[in-house]
Structures are given as C-alpha cells and as structure tokens.
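Okay, structure first, notes after.
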Amino acid sequence: MERYLTRLHVNGMKAAIINQYGSSQELQIQDVPKPEVDTHDVLIRVQAAAINPVDTKVRDGSMKLLLFGSFPKILGADCAGVVEAVGLMVTDLQPGDRVVASVGPTGGAYAEYVSANEKFVAKLPDSIEFAQAAAMPVAAGTALQGMRDKGHLRPNDRVLINGASGGVGTYAVQLAKGMGAYVTAVCSADNAALVRQLGADVVIDYKTTDFTKLPEQYELVFDAVGKSSFDACRAILTDEGTYVTTIPSPKQLVEQVVTIFTKQKAESILFSFTREDMNWLLKQAAEGKLRSVIDKTYPLSQVAQAHDYSETGRAKGKLVLLMD
Ligand SMILES: NC(=O)c1ccc[n+]([C@@H]2O[C@H](COP(=O)([O-])OP(=O)(O)OC[C@H]3O[C@@H](n4cnc5c(N)ncnc54)[C@H](OP(=O)(O)O)[C@@H]3O)[C@@H](O)[C@H]2O)c1
C-alpha cells in the first residue's frame with residue numbers, strides 16, 4: 001500500500017462490465033485494468049456494492065442520451081470498502097480507512113477496486129457493516145433529500161410514502177418517523193409487517209385500495225417509487241401540501257413550473273451526493289436509528305441475476321453485491 005500517489009497504474013482486477021446496451025445477459029465478469037488514481041482520488045478495495053434500479057436503466061440503454069462514455073462500461077454507483085491508496089492532495093483519508101462512496105451510475109462500483117474523488121467518499125463508523133453502508137448512498141440520500149429539501153417535511157406533518165417497501169421507501173419510512181412525522185406507508189400486503197417494523201403508523205395495500213381516493217390528507221406525498229402523479233394526489237394533499245416524485249415525467253416538470261404560483265406544489269428529486277448528508281445518515285445508522293433493509297446479497301459473479309430481480313420491481317429494500 002502506498003500513502004501518497006500522483007497517478008497509479010497497477011495490475012488487473014475483476015469487474016462486471018457491459019460492452020453494449022441490452023439485457024442482463026450483457027453483464028460479464030472480466031479482468032480489466034485497475035482504475036487510475038488522480039491527486040484528489042481515493043482507491044477503494046470494494047467489499048460490497050449496491051444494485052440501484054438506475055443501474056439497470058444504464059445497462060439497457062434507457063439513459064444513453066444523458067450519460068456519455070464509451071464501452072466497456074463498469075456499472076454501479078454505490079460501494080463500501082477499504083482505502084488502498086490516496087492521491088497526493090487527499091489529506092483526511094488514508095490507507096486502511098473503512099469508507100463508503102457514491103460515484104455515479106457509470107462510476108464503476110461493480111468491481112474489486114474503484115477510484116473515487118474524495119468528495120464522494122465518507123468514512124465509515126466501525127459499527128456499520130460494508131453491505132449496510134454500500135446500500136445507503138443513493139437510496140437513503142434520495143429519501144432524505146426528497147422529503148427534507150423538496151418536501152420540507154416537519155415534525156407532526158402527515159406524510160404518505162408510496163413504494164414504502166423498496167430501496168428508497170424503506171429508508172424514507174425510517175427517516176420520516178425520525179423527523180417526527182405521522183407516516184402512512186403504501187405497499188402490498190406482503191410487505192405490511194416490514195414497513196410497520198420500520199415505523200409506519202398506517203399501511204395501505206395499493207393492490208386493494210386506491211390511496212388517492214381516501215379522505216385523509218397529507219402535508220407531503222413522497223412517491224418513492226414514482227408510480228402516482230401530482231394530478232392524482234391533489235385531492236389528498238392539504239391546501240399547502242407537496243407531492244415529490246423520484247421519477248419526473250415531462251408532465252410532472254410542467255406541473256413543477258405551474259405550481260411555483262400555487263400553494264400546492266409538485267416537486268421531483270434528483271439525488272446529489274454530499275459528504276455532509278452521508279455523514280449524517282451514517283450517524284443515524286451508528287446510533288441505531290436507521291438500518292438498511294437488505295433483501296438479497298449476491299456474489300459479483302451473479303450480477304445478472306441481481307439485475308433480473310431488481311427489474312421485477314419486487315425488491316424489499318436493497319440488493320447488494322458482495323466481493324470475494
Ligand atoms: N431521482 C433520483 O435521484 C432517484 C434516486 C433513487 C431512485 N430513483 C428511482 O426511484 C424508483 C424507486 O427506487 P427503489 O430503489 O425504491 O426501487 P425498488 O427497490 O426496485 O422498488 C421496489 C419496491 O417497489 C414496490 N412497488 C412496486 N410497484 C408499486 C406500486 N405500484 N405501488 C407501490 N409500491 C410498488 C414493490 O413493492 P411490492 O412488491 O409490494 O409491490 C417493491 O418493494 C426507481 O425507479 C429508481 O430508479 C430515483
């Protein structure tokens with residue numbers, strides 16, 4: 001291990017790559033060069049990496065107009081591991097540190113090593129396992145930023161969380177409860193016990209009940225799974241209530257502009273990693289106030305199966321890849 005490096009070229013590593021867009025069958029485990037480490041970068045020996053639904057959208061090409069870069073691509077945004085080396089200008093991390101990182105959807109987290117700018121890396125408290133941490137950045141960060149920054153959630157607010165049993169939703173339920181809100185969770189009956197355990201006060205089964213037709217009103221509807229709409233939720237928002245979605249459609253974006261001038265608001269969230277938020281989330285986890293619900297773990301070699309399961313839309317919490 002080296003303490004300070006300006007650029008590092010070392011041998012190969014195993015990574016899950018795609019050579020073209022397509023189905024999960026495009027994911028292959030190959031030997032590729034280890035990533036380079038620039039002056040502000042941290043080289044991480046990855047122990048666990050999250051599967052986020054956006055990874056499957058990058059893989060199948062749905063995001064090709066937004067994301068540039070050539071093939072082969074190593075997918076994966078979120079990972080946790082141990083610092084192997086740091087660039088010359090990195091002063092607050094050192095080899096041996098346990099860390100979590102979020103490097104964007106083509107950032108290369110499905111690999112034995114990842115190089116991340118120090119801005120996207122946070123130190124991990126000893127009590128938090130790698131899989132627990134790797135699951136967090138995008139999903140927990142989206143829940144936090146969606147409800148706090150876009151939804152302006154306050155203590156005693158009533159919040160309805162749609163998709164409460166998914167990756168984003170399982171964090172949202174815990175965070176909303178922690179913020180002092182009264183939480184209504186929408187999920188299928190099979191996941192009712194899980195979301196109650198996480199802190200939901202009321203659970204609505206979306207398969208038998210249309211929550212938008214019920215009489216209750218909410219200061220915030222957080223559509224973690226992006227399956228409803230501002231229009232559909234207007235009647236269940238209070239006069240100054242806000243609808244926040246994780247999946248903005250063109251119609252939603254128009255509504256966001258129009259509702260600048262109305263009391264009820266339509267909003268969407270686009271996750272942006274900050275060390276400050278990550279450290280806060282890790283502190284919540286270290287204090288036992290937030291946990292990652294991990295549905296399944298997979299070895300790197302089964303990344304295609306992990307993508308197939310993610311694409312069923314049935315994951316309960318997070319899916320995590322574990323490196324050998
Ligand atoms: N904008 C951003 O920055 C951002 C960040 C993160 C995620 N996202 C997006 O947000 C979406 C959700 O992410 P995620 O990680 O939570 O996904 P996920 O983990 O794959 O969500 C799966 C969960 O969704 C539930 N679900 C499926 N259909 C539902 C419906 N009609 N009503 C209520 N619940 C339903 C499922 O529960 P049942 O099995 O009980 O149906 C399952 O537990 C994804 O499309 C993702 O790409 C956006």
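In the structure tokens, chains take letters A, B, ... by order of appearance, with residues numbered from 1 within each chain and ligands from 1 in the order shown.
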### Task
Considering only C-alpha atoms, return as a ChimeraX atom specification whatever protein or nucleic-acid residues lie within 9 Å of Asn117 in chain A, sequence-local ones (same chain, fewer than 6 positions apart) excluded.
/A:37-43,103
Would you mind listing, for every residue of range 228-280 of chain A within 9 Å of range 120-126 of chain A, the two atoms forming the shortest contact and the distance between them in Å to one decimal, using only C-alpha atoms, sorted by chain and ascending residue number, as CSV?
```
residue,atom,partner,partner_atom,distance
A:Phe273,CA,A:Phe120,CA,6.7
A:Thr274,CA,A:Phe120,CA,7.0
A:Arg275,CA,A:Ala122,CA,6.1
A:Glu276,CA,A:Ala122,CA,8.8
A:Met278,CA,A:Ala122,CA,6.8
A:Asn279,CA,A:Ala122,CA,6.7
```
#### Entry: Pairwise distance for CA of Cys187 in chain A and CA of Lys150 in chain A, rounded to one decimal in Å
22.2 Å
### Query
Taking only C-alpha atoms into account, which of A:Val254, A:Val168, A:Val86, A:Val303 comes nearest Ile74 in chain A?
A:Val303
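Closest to ligand 1 among A:Tyr206, A:Tyr113, A:Phe130, A:Phe211 is A:Tyr206, based on only C-alpha atoms and all ligand atoms.
For the atom pair formed by CA of Asn156 in chain A and CA of Gly180 in chain A, the distance is 5.6 Å, given to one decimal.
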Please, which residues in chain A fall within 6 Å of ligand 1 when counting only C-alpha atoms and all ligand atoms, and what is the closest atom pair and distance in Å to one decimal for each, ordered by chain then residue number, as JSON lines?
```
{"residue": "A:Asn52", "atom": "CA", "partner": "ligand 1", "partner_atom_place_in_ligand_line": "15 (O)", "distance": 5.7}
{"residue": "A:Pro53", "atom": "CA", "partner": "ligand 1", "partner_atom_place_in_ligand_line": "47 (O)", "distance": 4.5}
{"residue": "A:Val54", "atom": "CA", "partner": "ligand 1", "partner_atom_place_in_ligand_line": "47 (O)", "distance": 4.5}
{"residue": "A:Val138", "atom": "CA", "partner": "ligand 1", "partner_atom_place_in_ligand_line": "6 (C)", "distance": 5.6}
{"residue": "A:Ala139", "atom": "CA", "partner": "ligand 1", "partner_atom_place_in_ligand_line": "6 (C)", "distance": 5.2}
{"residue": "A:Thr142", "atom": "CA", "partner": "ligand 1", "partner_atom_place_in_ligand_line": "5 (C)", "distance": 5.2}
{"residue": "A:Asn162", "atom": "CA", "partner": "ligand 1", "partner_atom_place_in_ligand_line": "33 (C)", "distance": 5.2}
{"residue": "A:Gly163", "atom": "CA", "partner": "ligand 1", "partner_atom_place_in_ligand_line": "34 (N)", "distance": 3.4}
{"residue": "A:Ser165", "atom": "CA", "partner": "ligand 1", "partner_atom_place_in_ligand_line": "43 (O)", "distance": 4.0}
{"residue": "A:Gly166", "atom": "CA", "partner": "ligand 1", "partner_atom_place_in_ligand_line": "23 (C)", "distance": 3.5}
{"residue": "A:Gly167", "atom": "CA", "partner": "ligand 1", "partner_atom_place_in_ligand_line": "19 (O)", "distance": 3.7}
{"residue": "A:Val168", "atom": "CA", "partner": "ligand 1", "partner_atom_place_in_ligand_line": "16 (O)", "distance": 3.8}
{"residue": "A:Gly169", "atom": "CA", "partner": "ligand 1", "partner_atom_place_in_ligand_line": "16 (O)", "distance": 5.4}
{"residue": "A:Val186", "atom": "CA", "partner": "ligand 1", "partner_atom_place_in_ligand_line": "33 (C)", "distance": 5.8}
{"residue": "A:Cys187", "atom": "CA", "partner": "ligand 1", "partner_atom_place_in_ligand_line": "40 (O)", "distance": 4.7}
{"residue": "A:Ser188", "atom": "CA", "partner": "ligand 1", "partner_atom_place_in_ligand_line": "40 (O)", "distance": 3.8}
{"residue": "A:Asn191", "atom": "CA", "partner": "ligand 1", "partner_atom_place_in_ligand_line": "40 (O)", "distance": 5.7}
{"residue": "A:Tyr206", "atom": "CA", "partner": "ligand 1", "partner_atom_place_in_ligand_line": "32 (N)", "distance": 5.8}
{"residue": "A:Ala224", "atom": "CA", "partner": "ligand 1", "partner_atom_place_in_ligand_line": "12 (C)", "distance": 5.5}
{"residue": "A:Val225", "atom": "CA", "partner": "ligand 1", "partner_atom_place_in_ligand_line": "12 (C)", "distance": 3.9}
{"residue": "A:Gly226", "atom": "CA", "partner": "ligand 1", "partner_atom_place_in_ligand_line": "11 (C)", "distance": 5.9}
{"residue": "A:Lys227", "atom": "CA", "partner": "ligand 1", "partner_atom_place_in_ligand_line": "31 (N)", "distance": 5.5}
{"residue": "A:Thr246", "atom": "CA", "partner": "ligand 1", "partner_atom_place_in_ligand_line": "1 (N)", "distance": 4.1}
{"residue": "A:Ile247", "atom": "CA", "partner": "ligand 1", "partner_atom_place_in_ligand_line": "1 (N)", "distance": 5.6}
{"residue": "A:Ile269", "atom": "CA", "partner": "ligand 1", "partner_atom_place_in_ligand_line": "1 (N)", "distance": 5.0}
{"residue": "A:Leu270", "atom": "CA", "partner": "ligand 1", "partner_atom_place_in_ligand_line": "3 (O)", "distance": 3.5}
{"residue": "A:Phe271", "atom": "CA", "partner": "ligand 1", "partner_atom_place_in_ligand_line": "3 (O)", "distance": 3.7}
{"residue": "A:Ser310", "atom": "CA", "partner": "ligand 1", "partner_atom_place_in_ligand_line": "20 (O)", "distance": 5.4}
{"residue": "A:Gly313", "atom": "CA", "partner": "ligand 1", "partner_atom_place_in_ligand_line": "22 (C)", "distance": 4.5}
{"residue": "A:Arg314", "atom": "CA", "partner": "ligand 1", "partner_atom_place_in_ligand_line": "39 (O)", "distance": 3.8}
{"residue": "A:Ala315", "atom": "CA", "partner": "ligand 1", "partner_atom_place_in_ligand_line": "22 (C)", "distance": 4.7}
{"residue": "A:Lys316", "atom": "CA", "partner": "ligand 1", "partner_atom_place_in_ligand_line": "43 (O)", "distance": 4.4}
{"residue": "A:Gly317", "atom": "CA", "partner": "ligand 1", "partner_atom_place_in_ligand_line": "19 (O)", "distance": 5.5}
```
### Query
Could you pull out all residues of range 128-320 of chain A with a DSSP call of strand (DSSP E or B) and give them as a ChimeraX atom specification?
/A:158-162,182-187,202-205,218-223,237-245,265-268,294-299,318-320
### Message
Can you tell me which residues surround Tyr309 in chain A at a distance of at most 12 Å, considering only C-alpha atoms, apart from same-chain residues fewer than 2 positions away, and format the answer as a ChimeraX atom specification?
### Response
/A:24,51-53,56,295-298,302-307,311-316,318-320
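Secondary structure of range 18-135 of chain A, helix (DSSP H, G or I) only (DSSP, backbone atoms): Ser24, Gln25, Glu26, Pro53, Val54, Asp55, Thr56, Lys57, Val58, Arg59, Asp60, Glu118, Lys119, Phe120, Phe130, Ala131, Gln132, Ala133 and Ala134 of chain A.
Interatomic distance, CA of Asp239 in chain A against CA of Thr259 in chain A: 12.2 Å.
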### Message
With distances taken over only C-alpha atoms, which residue among A:Ala134, A:Leu290, A:Ile260, A:Ala77 lies nearest Leu198 in chain A?
### Response
A:Leu290
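Look at range 172-176 of chain A: the protein and nucleic acid residues within 8 Å of it, using only C-alpha atoms and passing over chain neighbours fewer than 5 places away, are Ala140, Ala143, Leu144, Met147, Leu153, Val159, Ile161, Ala164, Ala181, Tyr182, Val183, Ala185, Val195, Leu198, Gly199, Ala200, Ala224, Lys289 and Leu290 of chain A.
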Keeping N, CA, C and O atoms, export the residues of the selection given above as a short mmCIF file (atom, residue, chain, number, x, y, z; two decimals), in the first residue's frame.
```
data_model
loop_
_atom_site.label_atom_id
_atom_site.label_comp_id
_atom_site.auth_asym_id
_atom_site.auth_seq_id
_atom_site.Cartn_x
_atom_site.Cartn_y
_atom_site.Cartn_z
N ALA A 140 -30.86 6.01 0.42
CA ALA A 140 -31.15 6.77 1.64
C ALA A 140 -31.02 8.27 1.36
O ALA A 140 -31.80 9.08 1.89
N ALA A 143 -34.15 9.53 -0.31
CA ALA A 143 -35.24 9.65 0.67
C ALA A 143 -35.05 10.91 1.52
O ALA A 143 -35.99 11.68 1.73
N LEU A 144 -33.82 11.13 1.97
CA LEU A 144 -33.55 12.30 2.82
C LEU A 144 -33.76 13.61 2.05
O LEU A 144 -34.50 14.49 2.48
N MET A 147 -37.54 14.24 0.93
CA MET A 147 -38.50 14.66 1.97
C MET A 147 -38.07 15.94 2.67
O MET A 147 -38.89 16.80 2.97
N LEU A 153 -40.38 18.49 4.94
CA LEU A 153 -41.08 17.74 5.99
C LEU A 153 -40.72 18.28 7.38
O LEU A 153 -39.55 18.55 7.66
N VAL A 159 -47.24 12.37 6.39
CA VAL A 159 -46.60 12.05 5.11
C VAL A 159 -47.09 10.69 4.63
O VAL A 159 -47.22 9.76 5.43
N ILE A 161 -46.02 7.73 2.06
CA ILE A 161 -44.86 7.25 1.27
C ILE A 161 -45.33 6.12 0.36
O ILE A 161 -45.74 5.05 0.85
N ALA A 164 -43.26 2.13 -0.20
CA ALA A 164 -42.57 2.16 1.09
C ALA A 164 -41.67 0.95 1.34
O ALA A 164 -40.79 0.99 2.20
N ALA A 181 -42.66 12.75 11.90
CA ALA A 181 -43.88 12.79 11.07
C ALA A 181 -44.79 11.61 11.42
O ALA A 181 -44.36 10.63 12.02
N TYR A 182 -46.05 11.74 11.01
CA TYR A 182 -47.02 10.64 11.11
C TYR A 182 -47.03 9.96 9.75
O TYR A 182 -47.35 10.60 8.73
N VAL A 183 -46.61 8.68 9.73
CA VAL A 183 -46.25 8.05 8.45
C VAL A 183 -47.30 7.04 7.97
O VAL A 183 -47.62 6.08 8.67
N ALA A 185 -47.73 4.37 5.01
CA ALA A 185 -46.91 3.66 4.02
C ALA A 185 -47.80 2.93 3.04
O ALA A 185 -48.76 2.27 3.45
N VAL A 195 -42.89 -2.72 6.82
CA VAL A 195 -42.92 -1.26 6.93
C VAL A 195 -43.44 -0.80 8.30
O VAL A 195 -43.05 0.26 8.78
N LEU A 198 -40.53 -0.78 10.49
CA LEU A 198 -39.65 0.36 10.21
C LEU A 198 -40.22 1.66 10.78
O LEU A 198 -39.53 2.68 10.79
N GLY A 199 -41.50 1.63 11.20
CA GLY A 199 -42.06 2.81 11.86
C GLY A 199 -43.34 3.35 11.28
O GLY A 199 -43.86 4.36 11.77
N ALA A 200 -43.89 2.70 10.24
CA ALA A 200 -45.13 3.23 9.64
C ALA A 200 -46.27 3.16 10.65
O ALA A 200 -46.44 2.16 11.35
N ALA A 224 -41.94 7.47 -3.60
CA ALA A 224 -40.59 6.89 -3.67
C ALA A 224 -40.42 6.02 -4.91
O ALA A 224 -39.31 5.88 -5.42
N LYS A 289 -30.70 4.34 14.57
CA LYS A 289 -31.95 4.98 14.16
C LYS A 289 -32.29 4.73 12.69
O LYS A 289 -33.34 5.14 12.22
N LEU A 290 -31.36 4.12 11.97
CA LEU A 290 -31.57 3.88 10.54
C LEU A 290 -30.86 2.59 10.18
O LEU A 290 -29.70 2.40 10.56
#
```
#### Entry: Selection near Leu237 in chain A, 12 Å with only C-alpha atoms, sequence-local residues under 6 positions removed, as number ranges by chain
A: 151, 157-160, 211-222, 229-231, 243-244, 263-266
Could you write those residues out with N, CA, C and O atoms, as a CSV table (one decimal), in the first residue's frame?
```csv
chain,number,residue,atom,x,y,z
A,151,GLY,N,-39.6,18.2,0.0
A,151,GLY,CA,-40.9,18.1,0.7
A,151,GLY,C,-41.1,19.0,1.9
A,151,GLY,O,-42.1,19.2,2.5
A,157,ASP,N,-46.0,16.6,10.8
A,157,ASP,CA,-46.6,16.5,9.4
A,157,ASP,C,-47.1,15.1,9.2
A,157,ASP,O,-46.5,14.2,9.7
A,158,ARG,N,-48.1,15.1,8.3
A,158,ARG,CA,-48.6,13.7,7.9
A,158,ARG,C,-48.0,13.5,6.5
A,158,ARG,O,-48.1,14.3,5.6
A,159,VAL,N,-47.2,12.4,6.4
A,159,VAL,CA,-46.6,12.1,5.1
A,159,VAL,C,-47.1,10.7,4.6
A,159,VAL,O,-47.2,9.8,5.4
A,160,LEU,N,-47.4,10.6,3.3
A,160,LEU,CA,-47.7,9.3,2.7
A,160,LEU,C,-46.5,8.9,1.8
A,160,LEU,O,-46.1,9.7,1.0
A,211,PHE,N,-55.1,4.8,-2.8
A,211,PHE,CA,-54.9,5.7,-1.7
A,211,PHE,C,-55.3,7.2,-2.1
A,211,PHE,O,-55.6,8.0,-1.3
A,212,THR,N,-55.4,7.4,-3.4
A,212,THR,CA,-55.7,8.8,-3.8
A,212,THR,C,-57.2,9.1,-3.7
A,212,THR,O,-57.6,10.2,-3.8
A,213,LYS,N,-58.0,8.0,-3.4
A,213,LYS,CA,-59.4,8.2,-3.3
A,213,LYS,C,-59.9,8.2,-1.8
A,213,LYS,O,-61.1,8.4,-1.5
A,214,LEU,N,-58.9,8.1,-0.9
A,214,LEU,CA,-59.3,8.1,0.5
A,214,LEU,C,-59.5,9.5,1.0
A,214,LEU,O,-58.9,10.4,0.5
A,215,PRO,N,-60.2,9.7,2.2
A,215,PRO,CA,-60.5,11.1,2.6
A,215,PRO,C,-59.3,11.7,3.3
A,215,PRO,O,-59.2,13.0,3.4
A,216,GLU,N,-58.3,11.0,3.8
A,216,GLU,CA,-57.2,11.6,4.6
A,216,GLU,C,-56.3,12.5,3.7
A,216,GLU,O,-56.2,12.3,2.5
A,217,GLN,N,-55.8,13.5,4.4
A,217,GLN,CA,-54.9,14.5,3.6
A,217,GLN,C,-53.5,14.5,4.2
A,217,GLN,O,-53.4,14.2,5.4
A,218,TYR,N,-52.6,14.9,3.4
A,218,TYR,CA,-51.2,14.9,3.8
A,218,TYR,C,-50.4,16.2,3.5
A,218,TYR,O,-50.7,16.8,2.4
A,219,GLU,N,-49.5,16.6,4.4
A,219,GLU,CA,-48.7,17.7,4.0
A,219,GLU,C,-47.7,17.3,2.9
A,219,GLU,O,-47.3,18.1,2.1
A,220,LEU,N,-47.3,16.0,2.9
A,220,LEU,CA,-46.4,15.5,1.9
A,220,LEU,C,-46.8,14.1,1.4
A,220,LEU,O,-47.1,13.2,2.2
A,221,VAL,N,-46.8,14.0,0.1
A,221,VAL,CA,-46.9,12.7,-0.5
A,221,VAL,C,-45.5,12.5,-1.2
A,221,VAL,O,-45.1,13.2,-2.1
A,222,PHE,N,-44.7,11.5,-0.6
A,222,PHE,CA,-43.4,11.2,-1.2
A,222,PHE,C,-43.6,9.9,-2.0
A,222,PHE,O,-43.8,8.8,-1.5
A,229,SER,N,-49.0,10.4,-9.4
A,229,SER,CA,-48.7,11.7,-10.1
A,229,SER,C,-49.3,12.8,-9.2
A,229,SER,O,-50.1,12.6,-8.3
A,230,PHE,N,-48.8,14.0,-9.5
A,230,PHE,CA,-49.3,15.2,-8.7
A,230,PHE,C,-50.8,15.3,-8.9
A,230,PHE,O,-51.6,15.5,-8.0
A,231,ASP,N,-51.3,15.2,-10.2
A,231,ASP,CA,-52.7,15.3,-10.5
A,231,ASP,C,-53.5,14.3,-9.7
A,231,ASP,O,-54.5,14.7,-9.1
A,243,TYR,N,-46.3,17.3,-3.4
A,243,TYR,CA,-46.1,15.9,-4.0
A,243,TYR,C,-44.7,15.9,-4.5
A,243,TYR,O,-44.3,16.7,-5.3
A,244,VAL,N,-43.9,14.9,-4.1
A,244,VAL,CA,-42.5,14.8,-4.5
A,244,VAL,C,-42.3,13.4,-5.2
A,244,VAL,O,-42.7,12.4,-4.5
A,263,LYS,N,-50.4,27.2,-4.1
A,263,LYS,CA,-50.0,26.7,-2.8
A,263,LYS,C,-49.6,25.3,-2.7
A,263,LYS,O,-48.6,24.9,-2.1
A,264,GLN,N,-50.3,24.4,-3.4
A,264,GLN,CA,-49.9,23.0,-3.5
A,264,GLN,C,-48.8,22.9,-4.5
A,264,GLN,O,-48.8,23.6,-5.5
A,265,LYS,N,-47.8,22.1,-4.2
A,265,LYS,CA,-46.6,22.1,-5.0
A,265,LYS,C,-46.3,20.7,-5.6
A,265,LYS,O,-46.6,19.7,-4.9
A,266,ALA,N,-45.8,20.7,-6.9
A,266,ALA,CA,-45.3,19.4,-7.5
A,266,ALA,C,-43.8,19.5,-7.5
A,266,ALA,O,-43.3,20.6,-7.9
```
